[in-house]
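Visitor: Input data-v2.tsv, format and content: TSV, C-alpha atoms (C1' of nucleotides).
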```
chain	number	residue	atom	x	y	z
A	7	MET	CA	14.81	-18.38	-8.34
A	8	ASN	CA	15.31	-20.73	-5.44
A	9	VAL	CA	12.58	-20.31	-2.86
A	10	GLU	CA	14.35	-22.02	0.02
A	11	LYS	CA	17.48	-19.99	-0.56
A	12	ILE	CA	15.65	-16.69	-0.70
A	13	ILE	CA	13.71	-17.22	2.48
A	14	LYS	CA	16.75	-18.92	4.02
A	15	THR	CA	15.06	-22.03	5.25
A	16	ASP	CA	16.34	-25.56	5.36
A	17	LYS	CA	12.94	-27.04	5.94
A	18	VAL	CA	11.03	-28.92	3.29
A	19	LEU	CA	8.02	-26.80	2.48
A	20	ALA	CA	4.67	-28.39	1.74
A	21	LEU	CA	3.97	-28.02	-1.95
A	22	PRO	CA	0.91	-25.77	-1.66
A	23	ALA	CA	2.62	-23.48	0.85
A	24	ARG	CA	5.74	-23.43	-1.28
A	25	THR	CA	3.69	-22.47	-4.30
A	26	MET	CA	2.10	-19.55	-2.47
A	27	ILE	CA	5.43	-18.25	-1.23
A	28	HIS	CA	6.96	-18.78	-4.63
A	29	PHE	CA	4.19	-16.81	-6.20
A	30	ALA	CA	4.60	-13.93	-3.79
A	31	LEU	CA	8.32	-13.78	-4.43
A	32	VAL	CA	7.93	-13.74	-8.18
A	33	ASN	CA	5.24	-11.12	-7.97
A	34	ASN	CA	7.48	-8.96	-5.87
A	35	LYS	CA	10.28	-9.29	-8.37
A	36	ILE	CA	7.99	-8.36	-11.23
A	37	ASN	CA	6.62	-5.35	-9.41
A	38	GLU	CA	10.06	-4.07	-8.60
A	39	GLN	CA	11.07	-4.26	-12.24
A	40	PHE	CA	7.95	-2.53	-13.45
A	41	ALA	CA	8.27	0.20	-10.85
A	42	LEU	CA	11.84	0.72	-11.90
A	43	GLY	CA	10.86	1.00	-15.54
A	44	LEU	CA	8.05	3.43	-14.84
A	45	LYS	CA	10.00	5.60	-12.45
A	46	PRO	CA	11.51	7.94	-15.07
A	47	PHE	CA	8.00	8.74	-16.26
A	48	GLU	CA	6.81	9.52	-12.74
A	49	ILE	CA	3.77	7.40	-13.21
A	50	SER	CA	2.59	4.52	-11.07
A	51	GLU	CA	1.75	1.09	-12.39
A	52	GLN	CA	-1.94	1.63	-11.77
A	53	GLN	CA	-1.87	4.99	-13.51
A	54	PHE	CA	-0.22	3.28	-16.43
A	55	ASN	CA	-2.99	0.71	-16.43
A	56	VAL	CA	-5.65	3.38	-16.59
A	57	LEU	CA	-3.93	4.95	-19.57
A	58	ARG	CA	-3.66	1.61	-21.36
A	59	ILE	CA	-7.31	0.89	-20.75
A	60	LEU	CA	-8.37	4.27	-22.07
A	61	ARG	CA	-6.23	3.85	-25.16
A	62	GLY	CA	-7.83	0.48	-25.75
A	63	GLN	CA	-11.16	2.21	-26.20
A	64	LYS	CA	-9.83	4.30	-29.07
A	65	ASP	CA	-11.55	7.64	-28.84
A	66	ARG	CA	-14.65	6.42	-27.12
A	67	PRO	CA	-14.82	8.01	-23.67
A	68	MET	CA	-15.22	5.68	-20.72
A	69	ASN	CA	-16.81	6.18	-17.37
A	70	LEU	CA	-15.22	5.26	-14.07
A	71	SER	CA	-16.96	1.95	-13.68
A	72	GLY	CA	-15.79	0.89	-17.08
A	73	ILE	CA	-12.23	1.60	-16.19
A	74	ASN	CA	-12.56	0.07	-12.79
A	75	GLU	CA	-14.04	-3.16	-14.07
A	76	ARG	CA	-10.88	-3.77	-16.03
A	77	MET	CA	-8.62	-3.19	-13.06
A	78	ILE	CA	-7.94	-4.70	-9.70
A	79	THR	CA	-8.17	-1.44	-7.79
A	80	LYS	CA	-11.07	-0.37	-5.64
A	81	MET	CA	-13.50	2.06	-7.19
A	82	SER	CA	-12.80	4.83	-4.73
A	83	ASN	CA	-9.16	4.79	-5.66
A	84	THR	CA	-9.79	4.76	-9.37
A	85	THR	CA	-11.28	8.21	-8.97
A	86	ARG	CA	-8.04	9.38	-7.47
A	87	LEU	CA	-5.92	7.69	-10.10
A	88	VAL	CA	-7.82	9.63	-12.73
A	89	ASP	CA	-7.37	12.82	-10.68
A	90	LYS	CA	-3.63	12.35	-10.82
A	91	LEU	CA	-3.66	11.72	-14.53
A	92	ILE	CA	-5.71	14.84	-15.13
A	93	LEU	CA	-3.20	16.89	-13.18
A	94	LYS	CA	-0.51	15.56	-15.46
A	95	GLY	CA	-2.56	16.34	-18.53
A	96	TYR	CA	-2.79	12.74	-19.70
A	97	VAL	CA	-6.57	12.39	-19.50
A	98	GLN	CA	-9.64	14.60	-19.59
A	99	ARG	CA	-12.85	14.19	-17.66
A	100	TRP	CA	-16.24	15.80	-17.91
A	101	THR	CA	-19.67	14.90	-16.69
A	102	CYS	CA	-21.84	13.03	-19.12
A	103	GLU	CA	-24.55	15.07	-20.84
A	104	SER	CA	-27.21	12.40	-20.98
A	105	ASN	CA	-26.65	11.04	-17.49
A	106	ARG	CA	-25.16	13.48	-15.09
A	107	ARG	CA	-24.22	10.77	-12.64
A	108	LYS	CA	-21.68	9.50	-15.06
A	109	VAL	CA	-18.43	11.03	-16.12
A	110	GLU	CA	-16.70	10.64	-19.43
A	111	ILE	CA	-13.01	10.05	-19.36
A	112	LEU	CA	-10.75	10.24	-22.36
A	113	ILE	CA	-7.03	9.94	-22.95
A	114	THR	CA	-5.40	13.09	-24.33
A	115	THR	CA	-2.84	13.44	-27.08
A	116	GLU	CA	-0.19	13.92	-24.41
A	117	GLY	CA	-1.44	10.77	-22.75
A	118	LYS	CA	-1.08	8.79	-25.93
A	119	ALA	CA	2.34	10.24	-26.54
A	120	ILE	CA	3.78	9.26	-23.19
A	121	LEU	CA	2.12	5.89	-23.43
A	122	MET	CA	4.01	5.18	-26.61
A	123	LYS	CA	7.26	5.97	-24.87
A	124	ILE	CA	6.35	3.83	-21.90
A	125	ASP	CA	5.37	0.93	-24.14
A	126	LYS	CA	8.94	0.48	-25.26
A	127	VAL	CA	10.26	0.43	-21.73
A	128	ILE	CA	7.60	-1.98	-20.57
A	129	GLU	CA	8.34	-4.37	-23.40
A	130	ASP	CA	11.97	-4.35	-22.39
A	131	VAL	CA	11.05	-5.03	-18.79
A	132	GLU	CA	8.80	-7.89	-19.84
A	133	ASP	CA	11.50	-9.41	-21.99
A	134	LYS	CA	13.99	-9.12	-19.20
A	135	ILE	CA	11.66	-10.73	-16.69
A	136	LEU	CA	10.77	-13.53	-19.06
A	137	LYS	CA	14.18	-14.05	-20.59
A	138	ASN	CA	14.48	-17.60	-19.28
A	139	PHE	CA	11.23	-18.74	-20.85
A	140	SER	CA	10.83	-20.35	-24.22
A	141	GLU	CA	7.61	-19.68	-26.10
A	142	LYS	CA	6.46	-23.16	-25.25
A	143	GLU	CA	7.10	-22.64	-21.58
A	144	LEU	CA	5.27	-19.35	-21.62
A	145	LYS	CA	2.25	-21.06	-23.05
A	146	GLU	CA	2.46	-23.76	-20.43
A	147	LEU	CA	2.69	-21.13	-17.73
A	148	ASN	CA	-0.37	-19.35	-19.06
A	149	GLN	CA	-2.29	-22.60	-19.11
A	150	LEU	CA	-1.37	-23.31	-15.54
A	151	LEU	CA	-2.27	-19.78	-14.47
A	152	ASP	CA	-5.66	-20.34	-16.04
A	153	LYS	CA	-6.34	-22.94	-13.41
A	154	PHE	CA	-6.45	-20.38	-10.64
B	7	MET	CA	-9.51	-17.71	-15.03
B	8	ASN	CA	-9.89	-16.15	-18.43
B	9	VAL	CA	-7.67	-13.11	-18.79
B	10	GLU	CA	-9.42	-11.58	-21.76
B	11	LYS	CA	-12.79	-11.94	-20.12
B	12	ILE	CA	-11.67	-10.40	-16.86
B	13	ILE	CA	-10.10	-7.36	-18.42
B	14	LYS	CA	-12.90	-7.26	-20.98
B	15	THR	CA	-10.80	-7.05	-24.08
B	16	ASP	CA	-11.34	-8.63	-27.46
B	17	LYS	CA	-7.80	-7.98	-28.60
B	18	VAL	CA	-5.22	-10.70	-28.91
B	19	LEU	CA	-2.62	-9.95	-26.27
B	20	ALA	CA	1.05	-10.53	-26.94
B	21	LEU	CA	2.15	-13.55	-24.94
B	22	PRO	CA	4.62	-11.75	-22.64
B	23	ALA	CA	2.14	-8.98	-21.89
B	24	ARG	CA	-0.60	-11.50	-21.33
B	25	THR	CA	1.59	-13.41	-18.94
B	26	MET	CA	2.29	-10.31	-16.90
B	27	ILE	CA	-1.37	-9.37	-16.70
B	28	HIS	CA	-2.28	-12.93	-15.92
B	29	PHE	CA	0.20	-12.98	-13.14
B	30	ALA	CA	-1.11	-9.80	-11.62
B	31	LEU	CA	-4.66	-11.09	-11.71
B	32	VAL	CA	-3.79	-14.33	-10.03
B	33	ASN	CA	-1.74	-12.56	-7.43
B	34	ASN	CA	-4.64	-10.28	-6.68
B	35	LYS	CA	-6.96	-13.22	-6.29
B	36	ILE	CA	-4.55	-14.94	-3.93
B	37	ASN	CA	-4.09	-11.84	-1.82
B	38	GLU	CA	-7.80	-11.31	-1.51
B	39	GLN	CA	-8.27	-14.84	-0.25
B	40	PHE	CA	-5.45	-14.60	2.23
B	41	ALA	CA	-6.64	-11.26	3.53
B	42	LEU	CA	-10.08	-12.72	3.96
B	43	GLY	CA	-8.73	-15.67	5.87
B	44	LEU	CA	-6.59	-13.52	8.13
B	45	LYS	CA	-9.22	-10.90	8.78
B	46	PRO	CA	-10.86	-12.63	11.78
B	47	PHE	CA	-7.47	-12.66	13.47
B	48	GLU	CA	-6.92	-8.95	12.82
B	49	ILE	CA	-3.48	-9.63	11.54
B	50	SER	CA	-2.01	-8.62	8.20
B	51	GLU	CA	-0.28	-10.99	5.82
B	52	GLN	CA	3.07	-9.44	6.55
B	53	GLN	CA	2.52	-9.68	10.28
B	54	PHE	CA	1.65	-13.32	9.78
B	55	ASN	CA	4.89	-13.77	7.87
B	56	VAL	CA	6.92	-12.29	10.70
B	57	LEU	CA	5.31	-14.69	13.13
B	58	ARG	CA	5.98	-17.65	10.87
B	59	ILE	CA	9.59	-16.66	10.49
B	60	LEU	CA	10.06	-16.30	14.22
B	61	ARG	CA	8.48	-19.65	14.86
B	62	GLY	CA	10.80	-21.18	12.32
B	63	GLN	CA	13.72	-20.22	14.52
B	64	LYS	CA	12.36	-22.25	17.42
B	65	ASP	CA	13.31	-20.38	20.57
B	66	ARG	CA	16.36	-18.70	19.19
B	67	PRO	CA	15.73	-14.95	19.15
B	68	MET	CA	16.25	-13.12	15.86
B	69	ASN	CA	17.27	-9.61	15.11
B	70	LEU	CA	15.50	-7.35	12.67
B	71	SER	CA	17.86	-7.93	9.79
B	72	GLY	CA	17.37	-11.64	10.11
B	73	ILE	CA	13.65	-11.28	9.87
B	74	ASN	CA	13.88	-8.76	7.11
B	75	GLU	CA	16.15	-10.90	4.97
B	76	ARG	CA	13.45	-13.53	4.81
B	77	MET	CA	10.77	-11.09	3.76
B	78	ILE	CA	10.02	-8.80	0.88
B	79	THR	CA	9.32	-5.77	3.05
B	80	LYS	CA	11.68	-2.88	3.53
B	81	MET	CA	13.67	-2.80	6.72
B	82	SER	CA	12.05	0.33	8.09
B	83	ASN	CA	8.64	-1.23	7.83
B	84	THR	CA	9.72	-4.45	9.44
B	85	THR	CA	10.37	-2.42	12.58
B	86	ARG	CA	6.79	-1.28	12.53
B	87	LEU	CA	5.45	-4.75	11.83
B	88	VAL	CA	7.19	-5.93	14.94
B	89	ASP	CA	5.82	-2.93	16.86
B	90	LYS	CA	2.32	-4.01	15.97
B	91	LEU	CA	2.96	-7.58	17.00
B	92	ILE	CA	4.36	-6.45	20.34
B	93	LEU	CA	1.24	-4.41	20.99
B	94	LYS	CA	-0.78	-7.53	20.39
B	95	GLY	CA	1.44	-9.52	22.69
B	96	TYR	CA	2.57	-11.97	20.00
B	97	VAL	CA	6.29	-11.14	20.12
B	98	GLN	CA	8.79	-9.73	22.56
B	99	ARG	CA	11.74	-7.51	21.83
B	100	TRP	CA	14.74	-6.40	23.86
B	101	THR	CA	18.11	-5.00	23.00
B	102	CYS	CA	20.87	-7.49	22.61
B	103	GLU	CA	23.31	-7.68	25.52
B	104	SER	CA	26.44	-8.41	23.55
B	105	ASN	CA	25.77	-5.90	20.78
B	106	ARG	CA	23.53	-3.09	21.80
B	107	ARG	CA	22.88	-2.09	18.20
B	108	LYS	CA	20.96	-5.26	17.75
B	109	VAL	CA	17.63	-6.28	19.14
B	110	GLU	CA	16.46	-9.73	19.98
B	111	ILE	CA	12.99	-10.65	18.89
B	112	LEU	CA	11.14	-13.72	20.03
B	113	ILE	CA	7.68	-15.11	19.48
B	114	THR	CA	5.61	-15.43	22.66
B	115	THR	CA	3.40	-18.27	23.79
B	116	GLU	CA	0.39	-16.22	22.70
B	117	GLY	CA	2.05	-15.73	19.33
B	118	LYS	CA	2.54	-19.45	18.89
B	119	ALA	CA	-1.01	-20.11	19.98
B	120	ILE	CA	-2.62	-17.79	17.47
B	121	LEU	CA	-0.27	-19.01	14.79
B	122	MET	CA	-1.55	-22.51	15.28
B	123	LYS	CA	-5.08	-21.31	14.78
B	124	ILE	CA	-4.12	-19.33	11.72
B	125	ASP	CA	-2.29	-22.28	10.24
B	126	LYS	CA	-5.52	-24.18	9.83
B	127	VAL	CA	-7.23	-21.31	8.08
B	128	ILE	CA	-4.30	-20.67	5.80
B	129	GLU	CA	-4.17	-24.31	4.79
B	130	ASP	CA	-7.82	-24.13	3.87
B	131	VAL	CA	-7.24	-20.99	1.84
B	132	GLU	CA	-4.34	-22.62	0.03
B	133	ASP	CA	-6.35	-25.70	-0.75
B	134	LYS	CA	-9.19	-23.60	-2.03
B	135	ILE	CA	-6.93	-21.51	-4.24
B	136	LEU	CA	-5.16	-24.56	-5.59
B	137	LYS	CA	-8.16	-26.84	-5.86
B	138	ASN	CA	-7.87	-27.15	-9.64
B	139	PHE	CA	-4.27	-28.32	-9.56
B	140	SER	CA	-3.10	-31.88	-9.48
B	141	GLU	CA	0.13	-32.60	-7.65
B	142	LYS	CA	1.86	-33.01	-10.98
B	143	GLU	CA	0.63	-29.65	-12.17
B	144	LEU	CA	1.72	-27.98	-8.96
B	145	LYS	CA	5.20	-29.31	-9.47
B	146	GLU	CA	5.21	-28.08	-13.03
B	147	LEU	CA	4.07	-24.67	-11.87
B	148	ASN	CA	6.84	-24.51	-9.30
B	149	GLN	CA	9.37	-25.45	-11.92
B	150	LEU	CA	8.16	-22.72	-14.20
B	151	LEU	CA	8.15	-20.19	-11.38
B	152	ASP	CA	11.78	-21.10	-10.74
B	153	LYS	CA	12.62	-19.62	-14.11
B	154	PHE	CA	11.81	-16.12	-12.98
C	24	DC	C1'	-45.20	16.13	-8.06
C	25	DG	C1'	-43.01	13.87	-4.14
C	26	DT	C1'	-40.77	10.04	-2.24
C	27	DC	C1'	-38.16	6.01	-2.26
C	28	DC	C1'	-34.64	3.25	-4.31
C	29	DA	C1'	-30.82	2.06	-7.36
C	30	DT	C1'	-26.76	3.73	-9.72
C	31	DT	C1'	-22.55	6.18	-10.04
C	32	DT	C1'	-19.03	8.79	-8.26
C	33	DT	C1'	-16.58	11.06	-4.62
C	34	DC	C1'	-14.89	11.95	0.08
C	35	DG	C1'	-12.92	10.82	4.73
C	36	DT	C1'	-10.28	7.92	7.38
C	37	DT	C1'	-7.07	4.40	8.47
C	38	DT	C1'	-3.53	1.15	7.23
C	39	DT	C1'	0.31	-0.10	4.58
C	40	DA	C1'	4.38	0.71	1.65
C	41	DA	C1'	8.31	3.34	-0.20
C	42	DC	C1'	11.98	6.31	0.42
C	43	DA	C1'	15.22	9.14	2.79
C	44	DA	C1'	17.55	10.42	6.65
C	45	DA	C1'	18.63	10.38	11.54
C	46	DA	C1'	20.07	8.06	15.90
C	47	DC	C1'	22.73	5.01	18.27
C	48	DT	C1'	26.32	1.56	18.94
C	49	DT	C1'	30.46	-0.71	17.78
C	50	DT	C1'	34.90	-1.16	15.50
C	51	DA	C1'	39.18	0.43	13.65
C	52	DC	C1'	42.96	2.96	13.90
C	53	DA	C1'	45.87	7.15	14.17
D	11	DT	C1'	41.83	8.19	23.91
D	12	DG	C1'	39.53	10.49	20.20
D	13	DT	C1'	37.52	10.37	15.98
D	14	DA	C1'	36.05	8.58	11.72
D	15	DA	C1'	33.70	4.81	9.59
D	16	DA	C1'	30.60	1.05	9.38
D	17	DG	C1'	26.64	-1.59	11.08
D	18	DT	C1'	21.90	-1.79	12.95
D	19	DT	C1'	17.60	0.04	13.98
D	20	DT	C1'	14.32	3.73	14.25
D	21	DT	C1'	11.86	7.91	12.83
D	22	DG	C1'	9.70	11.16	9.59
D	23	DT	C1'	7.42	12.00	5.52
D	24	DT	C1'	4.93	11.13	1.55
D	25	DA	C1'	2.35	8.27	-1.69
D	26	DA	C1'	-0.72	4.33	-2.36
D	27	DA	C1'	-4.28	1.02	-1.03
D	28	DA	C1'	-8.26	-0.65	1.74
D	29	DC	C1'	-12.57	0.26	3.66
D	30	DG	C1'	-16.72	2.51	4.65
D	31	DA	C1'	-19.86	6.03	4.09
D	32	DA	C1'	-21.72	10.12	1.89
D	33	DA	C1'	-23.28	12.90	-2.10
D	34	DA	C1'	-25.53	13.44	-6.46
D	35	DT	C1'	-28.43	11.99	-10.10
D	36	DG	C1'	-31.90	9.29	-12.44
D	37	DG	C1'	-35.83	6.26	-12.62
D	38	DA	C1'	-40.09	4.14	-10.82
D	39	DC	C1'	-44.30	4.48	-8.79
D	40	DG	C1'	-47.82	6.05	-5.49
```
Any chance you could put this one into structure tokens?
Guide:
Amino acid sequence: MNVEKIIKTDKVLALPARTMIHFALVNNKINEQFALGLKPFEISEQQFNVLRILRGQKDRPMNLSGINERMITKMSNTTRLVDKLILKGYVQRWTCESNRRKVEILITTEGKAILMKIDKVIEDVEDKILKNFSEKELKELNQLLDKF
Amino acid sequence: MNVEKIIKTDKVLALPARTMIHFALVNNKINEQFALGLKPFEISEQQFNVLRILRGQKDRPMNLSGINERMITKMSNTTRLVDKLILKGYVQRWTCESNRRKVEILITTEGKAILMKIDKVIEDVEDKILKNFSEKELKELNQLLDKF
DNA sequence: CGTCCATTTTCGTTTTAACAAAACTTTACA
DNA sequence: TGTAAAGTTTTGTTAAAACGAAAATGGACG
């Protein structure tokens, strides 16, 4: 990926600015690929994230805050993400017995099933996106990303 | 930034998956900072990009495709970005004499003026985001980003 | 018990993005 | 010239995200 070529400039970009633009371009590329992979499942990337998070808790139900803390979405929208997933039958929700302010959210069997299918596709997408990286380079990249 | 801590997992993530999550987290952080910096100017990041692109062309007017090629937004939305900027008085638009399908878009004096103010803020945001990076590390990061 | 406050979730609204299709102009060419 | 095709921009519609405020419950304390 050549930044200057993509944004069609012949100027020399300052390194920090170039890094920011570079980052945005890569992120865009990644998002496109993920969206493409998820499209056949008619599920958005954030919905997919919710499902992954719920699966990670095994069969322990989570409440909204718990889910939200692990995501980058705003709380108010997490509610709606869960709404969508309920409509599709991938998660269940009920209000918590002991504390009626809370809700308990759990992934369903159907949710787990589709997640397994999606997993394969996502792995392929990841491999495709990262195909130019050696393991060593990936580690270096992760170390650099840690600095943010 | 510690990925596992942020997403509150105690699992060992596969390196490709971790990289993708890492990337998304960093991108989110960057966007938040930029949005915060731009907020006082009541201008979105994409609107800011349009202005920067127009300035880059000096006083040569651009058409929509030209702007759009340098951005990650879809064409149809670039129209609306320009609409917003016209309302604010930062750009002008008229239909091209020689080819009436095209439009000519130009940054105004007001546009250049606000851009100069924004520049300072954006530089600060960049420096803040990248404060943990040495120049050498920034170059390494850019080289790794090129591999995408 | 009643009242105030903190916690948790949801709702309403506005802005932004994605996608598809229409509108308008030019060009080519029969 | 008339008409189809291609190029350029705009519009319409729907889904997603950002932001702020409201609702509902639980806990503390007079």
Visitor: Measuring between all atoms listed in the file, which one of A:Ala41, A:Glu103, A:Met77, A:Thr115 shows the shortest distance to chain C?
Guide: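 That would be A:Ala41, the residue with the smallest distance to chain C.
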Visitor: Nearest to chain C among B:Lys94, B:Lys142, B:Lys80, B:Lys118, with distances taken over only C-alpha atoms (C1' of nucleotides): which residue is it?
Guide: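 Comparing B:Lys94, B:Lys142, B:Lys80, B:Lys118 against chain C, the winner is B:Lys80.
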Visitor: Compile a residue-level contact table for chain A against chain B at a cut-off of 8 Å, reporting for every qualifying residue the shortest atom pair and its distance in Å to one decimal, with all atoms listed in the file counted, rows ordered by chain and ascending number, as JSON lines.
Guide:
```
{"residue": "A:Met7", "atom": "CA", "partner": "B:Asp152", "partner_atom": "CA", "distance": 4.7}
{"residue": "A:Asn8", "atom": "CA", "partner": "B:Asp152", "partner_atom": "CA", "distance": 6.4}
{"residue": "A:Val9", "atom": "CA", "partner": "B:Asp152", "partner_atom": "CA", "distance": 8.0}
{"residue": "A:Ile12", "atom": "CA", "partner": "B:Arg76", "partner_atom": "CA", "distance": 6.7}
{"residue": "A:Ile13", "atom": "CA", "partner": "B:Arg76", "partner_atom": "CA", "distance": 4.4}
{"residue": "A:Lys14", "atom": "CA", "partner": "B:Arg76", "partner_atom": "CA", "distance": 6.4}
{"residue": "A:Leu21", "atom": "CA", "partner": "B:Leu144", "partner_atom": "CA", "distance": 7.4}
{"residue": "A:Pro22", "atom": "CA", "partner": "B:Glu132", "partner_atom": "CA", "distance": 6.4}
{"residue": "A:Ala23", "atom": "CA", "partner": "B:Glu132", "partner_atom": "CA", "distance": 7.1}
{"residue": "A:Thr25", "atom": "CA", "partner": "B:Asn148", "partner_atom": "CA", "distance": 6.3}
{"residue": "A:Met26", "atom": "CA", "partner": "B:Glu132", "partner_atom": "CA", "distance": 7.6}
{"residue": "A:His28", "atom": "CA", "partner": "B:Leu151", "partner_atom": "CA", "distance": 7.0}
{"residue": "A:Phe29", "atom": "CA", "partner": "B:Leu151", "partner_atom": "CA", "distance": 7.3}
{"residue": "A:Ala30", "atom": "CA", "partner": "B:Asn33", "partner_atom": "CA", "distance": 7.4}
{"residue": "A:Leu31", "atom": "CA", "partner": "B:Ile78", "partner_atom": "CA", "distance": 7.5}
{"residue": "A:Val32", "atom": "CA", "partner": "B:Phe154", "partner_atom": "CA", "distance": 6.6}
{"residue": "A:Asn33", "atom": "CA", "partner": "B:Asn33", "partner_atom": "CA", "distance": 7.1}
{"residue": "A:Asn34", "atom": "CA", "partner": "B:Ile78", "partner_atom": "CA", "distance": 7.2}
{"residue": "A:Glu75", "atom": "CA", "partner": "B:Ile13", "partner_atom": "CA", "distance": 7.2}
{"residue": "A:Arg76", "atom": "CA", "partner": "B:Ile13", "partner_atom": "CA", "distance": 4.4}
{"residue": "A:Met77", "atom": "CA", "partner": "B:Ile13", "partner_atom": "CA", "distance": 7.0}
{"residue": "A:Ile78", "atom": "CA", "partner": "B:Asn34", "partner_atom": "CA", "distance": 7.2}
{"residue": "A:Glu129", "atom": "CA", "partner": "B:Ala23", "partner_atom": "CA", "distance": 7.9}
{"residue": "A:Glu132", "atom": "CA", "partner": "B:Pro22", "partner_atom": "CA", "distance": 6.3}
{"residue": "A:Asp133", "atom": "CA", "partner": "B:Pro22", "partner_atom": "CA", "distance": 7.3}
{"residue": "A:Ile135", "atom": "CA", "partner": "B:Phe154", "partner_atom": "CA", "distance": 6.5}
{"residue": "A:Leu136", "atom": "CA", "partner": "B:Phe154", "partner_atom": "CA", "distance": 6.7}
{"residue": "A:Asn138", "atom": "CA", "partner": "B:Lys153", "partner_atom": "CA", "distance": 5.9}
{"residue": "A:Phe139", "atom": "CA", "partner": "B:Lys153", "partner_atom": "CA", "distance": 6.9}
{"residue": "A:Glu143", "atom": "CA", "partner": "B:Leu150", "partner_atom": "CA", "distance": 7.5}
{"residue": "A:Leu144", "atom": "CA", "partner": "B:Leu21", "partner_atom": "CA", "distance": 7.4}
{"residue": "A:Lys145", "atom": "CA", "partner": "B:Leu21", "partner_atom": "CA", "distance": 7.7}
{"residue": "A:Leu147", "atom": "CA", "partner": "B:Leu150", "partner_atom": "CA", "distance": 6.7}
{"residue": "A:Asn148", "atom": "CA", "partner": "B:Thr25", "partner_atom": "CA", "distance": 6.3}
{"residue": "A:Leu150", "atom": "CA", "partner": "B:Leu147", "partner_atom": "CA", "distance": 6.7}
{"residue": "A:Leu151", "atom": "CA", "partner": "B:His28", "partner_atom": "CA", "distance": 7.0}
{"residue": "A:Asp152", "atom": "CA", "partner": "B:Met7", "partner_atom": "CA", "distance": 4.8}
{"residue": "A:Lys153", "atom": "CA", "partner": "B:Asn138", "partner_atom": "CA", "distance": 5.9}
{"residue": "A:Phe154", "atom": "CA", "partner": "B:Met7", "partner_atom": "CA", "distance": 6.0}
```
Visitor: Could you save those same residues with C-alpha atoms as a PDB file, in the coordinates of the input?
Guide:
```
ATOM      1  CA  MET A   7      14.810 -18.380  -8.340  1.00  0.00           C
ATOM      2  CA  ASN A   8      15.310 -20.730  -5.440  1.00  0.00           C
ATOM      3  CA  VAL A   9      12.580 -20.310  -2.860  1.00  0.00           C
ATOM      4  CA  ILE A  12      15.650 -16.690  -0.700  1.00  0.00           C
ATOM      5  CA  ILE A  13      13.710 -17.220   2.480  1.00  0.00           C
ATOM      6  CA  LYS A  14      16.750 -18.920   4.020  1.00  0.00           C
ATOM      7  CA  LEU A  21       3.970 -28.020  -1.950  1.00  0.00           C
ATOM      8  CA  PRO A  22       0.910 -25.770  -1.660  1.00  0.00           C
ATOM      9  CA  ALA A  23       2.620 -23.480   0.850  1.00  0.00           C
ATOM     10  CA  THR A  25       3.690 -22.470  -4.300  1.00  0.00           C
ATOM     11  CA  MET A  26       2.100 -19.550  -2.470  1.00  0.00           C
ATOM     12  CA  HIS A  28       6.960 -18.780  -4.630  1.00  0.00           C
ATOM     13  CA  PHE A  29       4.190 -16.810  -6.200  1.00  0.00           C
ATOM     14  CA  ALA A  30       4.600 -13.930  -3.790  1.00  0.00           C
ATOM     15  CA  LEU A  31       8.320 -13.780  -4.430  1.00  0.00           C
ATOM     16  CA  VAL A  32       7.930 -13.740  -8.180  1.00  0.00           C
ATOM     17  CA  ASN A  33       5.240 -11.120  -7.970  1.00  0.00           C
ATOM     18  CA  ASN A  34       7.480  -8.960  -5.870  1.00  0.00           C
ATOM     19  CA  GLU A  75     -14.040  -3.160 -14.070  1.00  0.00           C
ATOM     20  CA  ARG A  76     -10.880  -3.770 -16.030  1.00  0.00           C
ATOM     21  CA  MET A  77      -8.620  -3.190 -13.060  1.00  0.00           C
ATOM     22  CA  ILE A  78      -7.940  -4.700  -9.700  1.00  0.00           C
ATOM     23  CA  GLU A 129       8.340  -4.370 -23.400  1.00  0.00           C
ATOM     24  CA  GLU A 132       8.800  -7.890 -19.840  1.00  0.00           C
ATOM     25  CA  ASP A 133      11.500  -9.410 -21.990  1.00  0.00           C
ATOM     26  CA  ILE A 135      11.660 -10.730 -16.690  1.00  0.00           C
ATOM     27  CA  LEU A 136      10.770 -13.530 -19.060  1.00  0.00           C
ATOM     28  CA  ASN A 138      14.480 -17.600 -19.280  1.00  0.00           C
ATOM     29  CA  PHE A 139      11.230 -18.740 -20.850  1.00  0.00           C
ATOM     30  CA  GLU A 143       7.100 -22.640 -21.580  1.00  0.00           C
ATOM     31  CA  LEU A 144       5.270 -19.350 -21.620  1.00  0.00           C
ATOM     32  CA  LYS A 145       2.250 -21.060 -23.050  1.00  0.00           C
ATOM     33  CA  LEU A 147       2.690 -21.130 -17.730  1.00  0.00           C
ATOM     34  CA  ASN A 148      -0.370 -19.350 -19.060  1.00  0.00           C
ATOM     35  CA  LEU A 150      -1.370 -23.310 -15.540  1.00  0.00           C
ATOM     36  CA  LEU A 151      -2.270 -19.780 -14.470  1.00  0.00           C
ATOM     37  CA  ASP A 152      -5.660 -20.340 -16.040  1.00  0.00           C
ATOM     38  CA  LYS A 153      -6.340 -22.940 -13.410  1.00  0.00           C
ATOM     39  CA  PHE A 154      -6.450 -20.380 -10.640  1.00  0.00           C
TER      40      PHE A 154
END
```
Visitor: Kindly determine which residues of chain B lie within 10 Å of chain D, considering only C-alpha atoms (C1' of nucleotides), and give the answer as a ChimeraX atom specification.
Guide: /B:69-71,81-83,85-86,105-109
Visitor: May I ask you to extract the residues of chain C within 12 Å of chain A, using only C-alpha atoms (C1' of nucleotides), and to give them as a PDB file with C-alpha atoms (C1' of nucleotides), keeping the file's coordinate frame?
Guide:
```pdb
ATOM      1  C1'  DT C  30     -26.760   3.730  -9.720  1.00  0.00           C
ATOM      2  C1'  DT C  31     -22.550   6.180 -10.040  1.00  0.00           C
ATOM      3  C1'  DT C  32     -19.030   8.790  -8.260  1.00  0.00           C
ATOM      4  C1'  DT C  33     -16.580  11.060  -4.620  1.00  0.00           C
ATOM      5  C1'  DC C  34     -14.890  11.950   0.080  1.00  0.00           C
ATOM      6  C1'  DG C  35     -12.920  10.820   4.730  1.00  0.00           C
ATOM      7  C1'  DA C  41       8.310   3.340  -0.200  1.00  0.00           C
TER       8       DA C  41
END
```
